[in-house]
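Take a look at the structure set out below.
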Amino acid sequence: MLDTLEQVVAEAKERIATADRISLFLDFDGTLVPIQADPALPRLDVTMAKTLQSLSVRDRLVTTIISGRAIEDLYSRVQLNGLIYAGNHGLEIFGRNLRFIEPAAAARQKQLAQLCEELRHQLQPFDGVLVEFKGLTASVHYRKAAESALPAVEAITLAAVAREGGLFHLNQGRKVFEILPRTGWHKGAAVRWINGQLGEGRILSIYLGDDTTDEDAFSVLPDAITIKVGALPVTCARFRLPDPTAVHDFLLWLSIQTPLT
């Protein structure tokens, strides 16, 4: 794995020159903004917002913000036109005349809401644990919880999901358990669907993400520029950048490198 900004830029510069279109995918938490203990707090800073705005008006470049957050929540934290937004790990997509909701996930919203209520009741004794219902998916955040509570929190969450008879499965992210519908749809499927809507020509995909769910996208983009953000040791991405500051440096370079028309 190559892990310097200079190495990422060197390959990107060479490959942009031969691409008809650039399809840029950006995770939100941990990639565009630092991870925070309270998931309600992260917002784009002014500098990052300005750079994303610059990218959004490049004719050859299509930018997608892809996140585990619900799509309304994600949009409220970015609020830029000209982008594609993919929320709930790609289960819902809108922007640039695209609209998609994964039908099996949509059909299970009631069951998922009930599961979240059950978990809120069972996990209430554990300080610092937050159960978040996001419409198509849910999260059990434990970043603020005591380390000693984590085995019990995990066991309770696993048992509750198992009682749903295979309708949902559990992914472990960064200090969070993600409850996802079993649909065969994930960030990788969303990336392929979005790229399939972009028309003819040679598409260069560039994907930056920091979480385990981004591995689904990395794995379906073997010819892309895939960039793991942060220090998680296991990844199939080809490059690594340390933090959102380095991500901004790359995006600023990309906005300068890519002409308006």
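Ligands are numbered from 1 in the order shown, residues from 1 within each chain, and chains are lettered A, B, ... in the order they appear in the structure tokens.
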**Message:** I need the residues of region 33-223 of chain A that end up classed as strand (DSSP E or B) by DSSP on the backbone, written out as a PyMOL selection string.
**Reply:** chain A and resi 33+61-66+84-87+92-95+98-101+130-133+138-141+168-172+176-181+203-209
**Request:** Give me the residues within 8 Å of Asp27 (chain A) as a PyMOL selection string, counting only C-alpha atoms and dropping any in the same chain fewer than 5 places off.
**Result:** chain A and resi 32+65-67+208-210+214
**Request:** Return the single residue from A:Ala190, A:Leu55, A:Leu115, A:Ile206 that is closest to Arg99 (chain A), with distances computed using only C-alpha atoms.
**Result:** A:Ala190
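Every protein or nucleic acid residue with an atom no more than 10 Å from Tyr75 (chain A), counting only C-alpha atoms and leaving out same-chain residues fewer than 6 positions away, appears here: Ile65, Arg69, Asn81, Leu83, Ile84, Tyr85, Ala86, Gly87 and Phe94 of chain A.
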**Prompt:** Do you know which residues are at most 10 Å from region 220-229 of chain A counting only C-alpha atoms, after dropping those on the same chain fewer than 5 positions away, and could you put them as a ChimeraX atom specification?
**Reply:** /A:1-3,8,11-12,15,23-27,30-32,187-189,191-192,203-212,214-215,234-244,246-247
